[in-house]
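**Q** One file is attached below, input_30.cif, containing mmCIF, C-alpha atoms.
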```cif
data_work
#
loop_
_atom_site.label_atom_id
_atom_site.label_comp_id
_atom_site.auth_asym_id
_atom_site.auth_seq_id
_atom_site.Cartn_x
_atom_site.Cartn_y
_atom_site.Cartn_z
CA MET S 15 -7.06 7.42 12.09
CA PHE S 16 -8.55 9.39 15.00
CA SER S 17 -12.08 7.99 14.99
CA VAL S 18 -11.70 6.78 18.60
CA LEU S 19 -11.11 10.31 19.90
CA PRO S 20 -13.86 12.37 21.56
CA ALA S 21 -15.09 15.38 19.59
CA SER S 22 -13.10 17.89 21.63
CA LYS S 23 -9.76 16.20 20.93
CA LEU S 24 -10.73 15.50 17.34
CA LEU S 25 -11.21 19.22 16.73
CA ASP S 26 -7.79 19.89 18.28
CA ILE S 27 -5.91 17.42 16.06
CA GLN S 28 -7.65 18.75 12.95
CA LYS S 29 -5.82 22.04 13.46
CA HIS S 30 -2.59 20.23 12.59
CA VAL S 31 -3.87 18.30 9.54
CA GLU S 32 -2.43 19.18 6.14
CA LYS S 33 -3.99 17.92 2.91
CA PHE S 34 -1.85 17.65 -0.20
CA ASP S 35 -1.39 15.75 -3.46
CA ILE S 36 1.59 13.97 -4.99
CA GLU S 37 2.08 12.69 -8.51
CA ARG S 38 2.95 9.23 -9.77
CA GLY S 39 6.61 8.48 -9.03
CA ASP S 40 6.92 11.08 -6.27
CA THR S 41 8.66 9.94 -3.08
CA LEU S 42 6.71 10.66 0.10
CA TYR S 43 9.66 9.75 2.34
CA SER S 44 12.83 7.67 2.15
CA TYR S 45 14.30 4.81 4.17
CA GLY S 46 16.24 6.08 7.17
CA GLY S 47 14.69 9.55 6.98
CA LYS S 48 13.60 11.25 10.20
CA SER S 49 9.98 10.31 10.89
CA GLU S 50 8.28 13.67 11.27
CA TYR S 51 4.80 12.87 9.93
CA ILE S 52 2.20 10.13 9.76
CA TYR S 53 0.03 10.04 6.63
CA THR S 54 -3.37 8.72 5.63
CA ILE S 55 -4.34 8.08 2.02
CA ARG S 56 -7.52 9.75 0.83
CA LYS S 57 -7.19 8.47 -2.74
CA GLY S 58 -4.51 6.66 -4.74
CA MET S 59 -1.85 4.03 -4.08
CA ILE S 60 1.54 4.03 -2.34
CA LYS S 61 4.22 1.36 -2.60
CA LEU S 62 6.62 0.62 0.27
CA VAL S 63 10.05 -0.28 -1.07
CA GLN S 64 13.02 -1.98 0.56
CA TYR S 65 16.41 -2.35 -1.11
CA LEU S 66 18.27 -5.66 -1.04
CA PRO S 67 22.04 -5.86 -0.38
CA GLU S 68 22.85 -6.37 -4.09
CA GLY S 69 20.98 -3.18 -4.96
CA SER S 70 17.72 -4.58 -6.29
CA GLN S 71 14.43 -3.36 -4.87
CA ARG S 72 11.50 -5.25 -3.39
CA ILE S 73 8.03 -3.84 -2.92
CA VAL S 74 6.89 -5.19 0.44
CA ARG S 75 3.43 -3.65 0.67
CA LEU S 76 0.85 -1.66 -1.26
CA LEU S 77 -1.21 0.94 0.61
CA ARG S 78 -4.48 2.39 -0.64
CA GLU S 79 -7.39 4.58 0.41
CA ALA S 80 -7.83 4.83 4.22
CA ASP S 81 -4.48 3.13 4.95
CA ILE S 82 -1.90 4.76 7.23
CA VAL S 83 1.55 5.42 5.77
CA GLY S 84 4.56 5.73 8.06
CA ILE S 85 2.87 4.24 11.11
CA GLU S 86 6.32 3.17 12.36
CA ALA S 87 6.78 6.85 13.29
CA THR S 88 4.62 6.19 16.36
CA VAL S 89 7.26 3.84 17.81
CA GLY S 90 10.52 4.90 16.14
CA THR S 91 12.50 7.87 14.89
CA GLN S 92 13.19 6.76 11.30
CA TYR S 93 11.13 5.53 8.37
CA GLU S 94 11.70 1.89 7.46
CA HIS S 95 10.98 2.06 3.70
CA ASP S 96 10.85 4.31 0.70
CA ALA S 97 7.20 5.36 0.19
CA VAL S 98 6.50 6.13 -3.49
CA ALA S 99 3.26 7.00 -5.28
CA LEU S 100 2.13 4.45 -7.89
CA GLU S 101 -0.49 6.88 -9.17
CA PRO S 102 -1.67 10.43 -8.38
CA THR S 103 -2.42 10.30 -4.66
CA GLU S 104 -4.25 12.52 -2.19
CA LEU S 105 -3.04 12.44 1.42
CA CYS S 106 -3.41 13.99 4.84
CA ARG S 107 -0.39 14.34 7.10
CA TYR S 108 -0.14 14.76 10.85
CA PRO S 109 2.93 15.85 12.85
CA VAL S 110 4.16 12.78 14.68
CA HIS S 111 4.85 14.73 17.89
CA SER S 112 1.17 15.71 18.06
CA VAL S 113 0.09 12.12 17.54
CA ARG S 114 2.48 10.89 20.25
CA GLU S 115 1.25 13.51 22.72
CA LEU S 116 -2.36 12.52 22.09
CA SER S 117 -1.49 8.86 22.35
CA ARG S 118 0.13 9.39 25.77
CA SER S 119 -2.93 11.20 27.08
CA ASP S 120 -5.63 9.03 25.50
CA ASP S 121 -5.61 5.30 26.19
CA ALA S 122 -8.15 4.56 23.46
CA LEU S 123 -5.97 6.18 20.80
CA HIS S 124 -2.84 4.47 22.14
CA HIS S 125 -4.45 1.03 21.97
CA ASP S 126 -5.90 1.75 18.53
CA LEU S 127 -2.53 2.83 17.13
CA MET S 128 -0.80 -0.21 18.61
CA GLY S 129 -3.51 -2.39 17.07
CA ARG S 130 -2.96 -0.74 13.70
CA TRP S 131 0.81 -1.22 14.05
CA HIS S 132 0.30 -4.91 14.78
CA ARG S 133 -2.05 -5.29 11.79
CA ALA S 134 0.44 -3.51 9.55
CA LEU S 135 3.15 -6.01 10.53
CA HIS S 136 0.78 -8.93 9.97
CA GLU S 137 -0.35 -7.62 6.58
CA ALA S 138 3.26 -7.05 5.50
CA ASP S 139 4.16 -10.64 6.41
CA GLU S 140 1.06 -11.94 4.64
CA PHE S 141 1.76 -9.78 1.58
CA VAL S 142 5.29 -11.12 1.17
CA THR S 143 4.28 -14.73 1.93
CA GLN S 144 1.37 -14.83 -0.52
CA LEU S 145 3.18 -13.08 -3.34
CA SER S 146 6.63 -14.65 -2.97
CA THR S 147 5.69 -18.33 -3.07
CA GLY S 148 4.35 -20.60 -5.77
CA SER S 149 4.73 -20.45 -9.54
CA ALA S 150 4.89 -17.18 -11.47
CA LYS S 151 1.29 -17.72 -12.63
CA GLN S 152 0.09 -18.22 -9.06
CA ARG S 153 1.88 -15.10 -7.86
CA VAL S 154 0.48 -12.93 -10.66
CA ALA S 155 -3.02 -14.33 -10.09
CA ARG S 156 -2.83 -13.63 -6.34
CA LEU S 157 -1.67 -10.07 -6.98
CA LEU S 158 -4.50 -9.42 -9.46
CA LEU S 159 -7.00 -10.74 -6.93
CA LYS S 160 -5.57 -8.46 -4.25
CA LEU S 161 -5.57 -5.40 -6.52
CA SER S 162 -9.17 -5.95 -7.62
CA GLU S 163 -10.66 -7.04 -4.28
CA SER S 164 -11.97 -3.60 -3.30
CA ASP S 165 -13.51 -2.76 -6.68
CA GLU S 166 -17.15 -3.66 -7.34
CA SER S 167 -16.48 -4.24 -11.03
CA ALA S 168 -13.47 -6.50 -10.24
CA SER S 169 -11.16 -4.18 -12.15
CA CYS S 170 -7.63 -3.11 -11.30
CA THR S 171 -4.80 -0.95 -12.56
CA LEU S 172 -1.71 -2.73 -13.83
CA TYR S 173 1.43 -0.85 -12.92
CA SER S 174 4.78 -1.12 -14.68
CA ARG S 175 6.24 -4.57 -15.28
CA GLU S 176 9.22 -3.50 -13.16
CA ASP S 177 6.93 -2.71 -10.22
CA LEU S 178 4.98 -5.95 -10.65
CA GLY S 179 8.22 -7.94 -10.74
CA ALA S 180 9.47 -6.14 -7.62
CA ILE S 181 6.26 -7.09 -5.81
CA LEU S 182 6.33 -10.73 -6.89
CA GLY S 183 10.06 -11.43 -6.77
CA ILE S 184 10.22 -12.53 -10.42
CA THR S 185 11.89 -11.02 -13.47
CA THR S 186 10.30 -8.35 -15.63
CA GLU S 187 10.37 -10.77 -18.58
CA THR S 188 8.49 -13.46 -16.65
CA THR S 189 5.95 -10.92 -15.46
CA SER S 190 5.34 -9.71 -19.02
CA ARG S 191 4.95 -13.26 -20.30
CA VAL S 192 2.38 -14.24 -17.67
CA ILE S 193 0.39 -11.01 -18.10
CA ALA S 194 0.33 -11.54 -21.88
CA GLU S 195 -0.90 -15.12 -21.39
CA PHE S 196 -3.67 -13.99 -19.03
CA LYS S 197 -4.79 -11.41 -21.59
CA ARG S 198 -4.91 -14.04 -24.37
CA LYS S 199 -7.02 -16.32 -22.18
CA GLY S 200 -9.46 -13.54 -21.29
CA LEU S 201 -8.49 -13.45 -17.62
CA LEU S 202 -7.63 -9.78 -18.09
CA ILE S 203 -9.80 -7.61 -20.34
CA GLU S 204 -8.77 -4.03 -21.03
CA VAL S 205 -11.27 -1.37 -19.94
CA GLU S 206 -12.02 0.80 -22.94
CA GLY S 207 -10.78 4.36 -22.59
CA GLN S 208 -8.85 3.71 -19.37
CA ALA S 209 -5.14 3.15 -19.83
CA SER S 210 -3.72 0.22 -17.86
CA ARG S 211 -7.14 -0.59 -16.37
CA PHE S 212 -8.35 -4.20 -16.71
CA LEU S 213 -11.34 -6.30 -15.72
CA CYS S 214 -10.26 -9.41 -13.83
CA ASP S 215 -11.85 -12.84 -14.20
CA ARG S 216 -11.72 -13.40 -10.45
CA PRO S 217 -13.19 -16.96 -10.36
CA ASN S 218 -10.61 -18.32 -12.81
CA LEU S 219 -7.79 -16.29 -11.30
CA ASP S 220 -8.73 -17.70 -7.92
CA ARG S 221 -8.47 -21.24 -9.32
CA ILE S 222 -4.98 -20.50 -10.63
CA ALA S 223 -3.93 -18.83 -7.37
CA SER S 224 -5.01 -21.74 -5.20
CA ASN S 225 -4.03 -24.57 -7.54
#
```
Could the structure of this file be written out as structure tokens, please?
**A**
Amino acid sequence: MFSVLPASKLLDIQKHVEKFDIERGDTLYSYGGKSEYIYTIRKGMIKLVQYLPEGSQRIVRLLREADIVGIEATVGTQYEHDAVALEPTELCRYPVHSVRELSRSDDALHHDLMGRWHRALHEADEFVTQLSTGSAKQRVARLLLKLSESDESASCTLYSREDLGAILGITTETTSRVIAEFKRKGLLIEVEGQASRFLCDRPNLDRIASN
């Protein structure tokens, strides 16, 4: 997050960095909570959750290695989502007051953070748009493509059906049915010895996603 800083300031901010781990299901912060820290993911996956008026939840973004979590803390005083670990996750956290002070005194960091904030908004809009439109098969295919895009072997971890449904805006039953169909057709092949890890047939999934 601070790659634009000169070495002298980089050494200063490192004094405030804390590294820590959280387990699957742990909540990093909650909606409306005071934004005291900004986080970067070293390893793992975080889901950002919003709750709808009727009480159901919607996952509006997935964050992975090198992503910033809680970037809204740079411009506001409260977190805008629940941030929950989808798997064991390693993080670094930075006191938001230190980041704000650096941002005020360093134009390069200020512009970089604002750029990251803008990209985060764009990616959130894109995430919801891509995964909330089209048939259930298209939505599942698009999600599998997104989950496997950064892996050289085109593999991905499938999370709970409840989480997948909350990402895609479809029922748990529909999610389970589509996943089962993709497995039967060989679009998802279980990785031996790795629970919930699957190889994705990206060319055929891409055809379904864009059909």
**Q** On this file, the PyMOL selection byres ((chain S and resi 33-47) around 12) gives some set of residues; write that set as a ChimeraX atom specification.
**A** /S:28-32,48-65,83-84,86-87,90-108,173-174,177
**Q** Care to translate the PyMOL selection byres ((chain S and resi 190-200) around 10) into actual residues of this file, as a compact mmCIF listing (two decimals) with C-alpha atoms, keeping the file's coordinate frame?
**A**
```txt
# COMPACT_ATOMS: atom_id res chain seq x y z
CA ALA S 150 4.89 -17.18 -11.47
CA LYS S 151 1.29 -17.72 -12.63
CA GLN S 152 0.09 -18.22 -9.06
CA ARG S 153 1.88 -15.10 -7.86
CA VAL S 154 0.48 -12.93 -10.66
CA ALA S 155 -3.02 -14.33 -10.09
CA LEU S 172 -1.71 -2.73 -13.83
CA SER S 174 4.78 -1.12 -14.68
CA ARG S 175 6.24 -4.57 -15.28
CA GLU S 176 9.22 -3.50 -13.16
CA LEU S 178 4.98 -5.95 -10.65
CA GLY S 179 8.22 -7.94 -10.74
CA THR S 185 11.89 -11.02 -13.47
CA THR S 186 10.30 -8.35 -15.63
CA GLU S 187 10.37 -10.77 -18.58
CA THR S 188 8.49 -13.46 -16.65
CA THR S 189 5.95 -10.92 -15.46
CA LEU S 201 -8.49 -13.45 -17.62
CA LEU S 202 -7.63 -9.78 -18.09
CA ILE S 203 -9.80 -7.61 -20.34
CA GLU S 204 -8.77 -4.03 -21.03
CA PHE S 212 -8.35 -4.20 -16.71
CA LEU S 213 -11.34 -6.30 -15.72
CA CYS S 214 -10.26 -9.41 -13.83
CA ASP S 215 -11.85 -12.84 -14.20
CA ASN S 218 -10.61 -18.32 -12.81
CA LEU S 219 -7.79 -16.29 -11.30
```
**Q** What are the closest atom pairs, with distances in Å to one decimal, for each residue of region 28-74 of chain S lying within 10 Å of region 135-142 of chain S, using all atoms listed in the file, rows by chain and rising residue number, as a tab-separated table?
**A**
```
residue	atom	partner	partner_atom	distance
S:Leu62	CA	S:Ala138	CA	9.9
S:Arg72	CA	S:Val142	CA	9.7
S:Ile73	CA	S:Val142	CA	8.8
S:Val74	CA	S:Val142	CA	6.2
```
**Q** Go ahead and compute the interatomic distance for CA of Thr171 (chain S) and CA of Ser210 (chain S), in Å to one decimal.
**A**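 Spanning CA of Thr171 (chain S) to CA of Ser210 (chain S) is a straight-line distance of 5.5 Å.
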**Q** Ranking S:Ala21, S:Ala80, S:Gly207, S:Asp220 by minimum distance to Ser162 (chain S) and counting all atoms listed in the file, which one comes first?
**A** S:Asp220
**Q** Just how far from CA of Gly69 (chain S) is CA of Val89 (chain S), in Å to one decimal?
**A** 27.5 Å
**Q** Ranking S:Ser17, S:Ser167, S:Leu159, S:Ser146 by minimum distance to Asp126 (chain S) and counting all atoms listed in the file, which one comes first?
**A**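 Checking each of S:Ser17, S:Ser167, S:Leu159, S:Ser146 against Asp126 (chain S), counting all atoms listed in the file, the winner is S:Ser17.
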**Q** Grab the CA of Leu161 (chain S) to CA of Leu127 (chain S) distance for me, in Å with one decimal place.
**A**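 According to the coordinates, CA of Leu161 (chain S) and CA of Leu127 (chain S) are separated by 25.2 Å.
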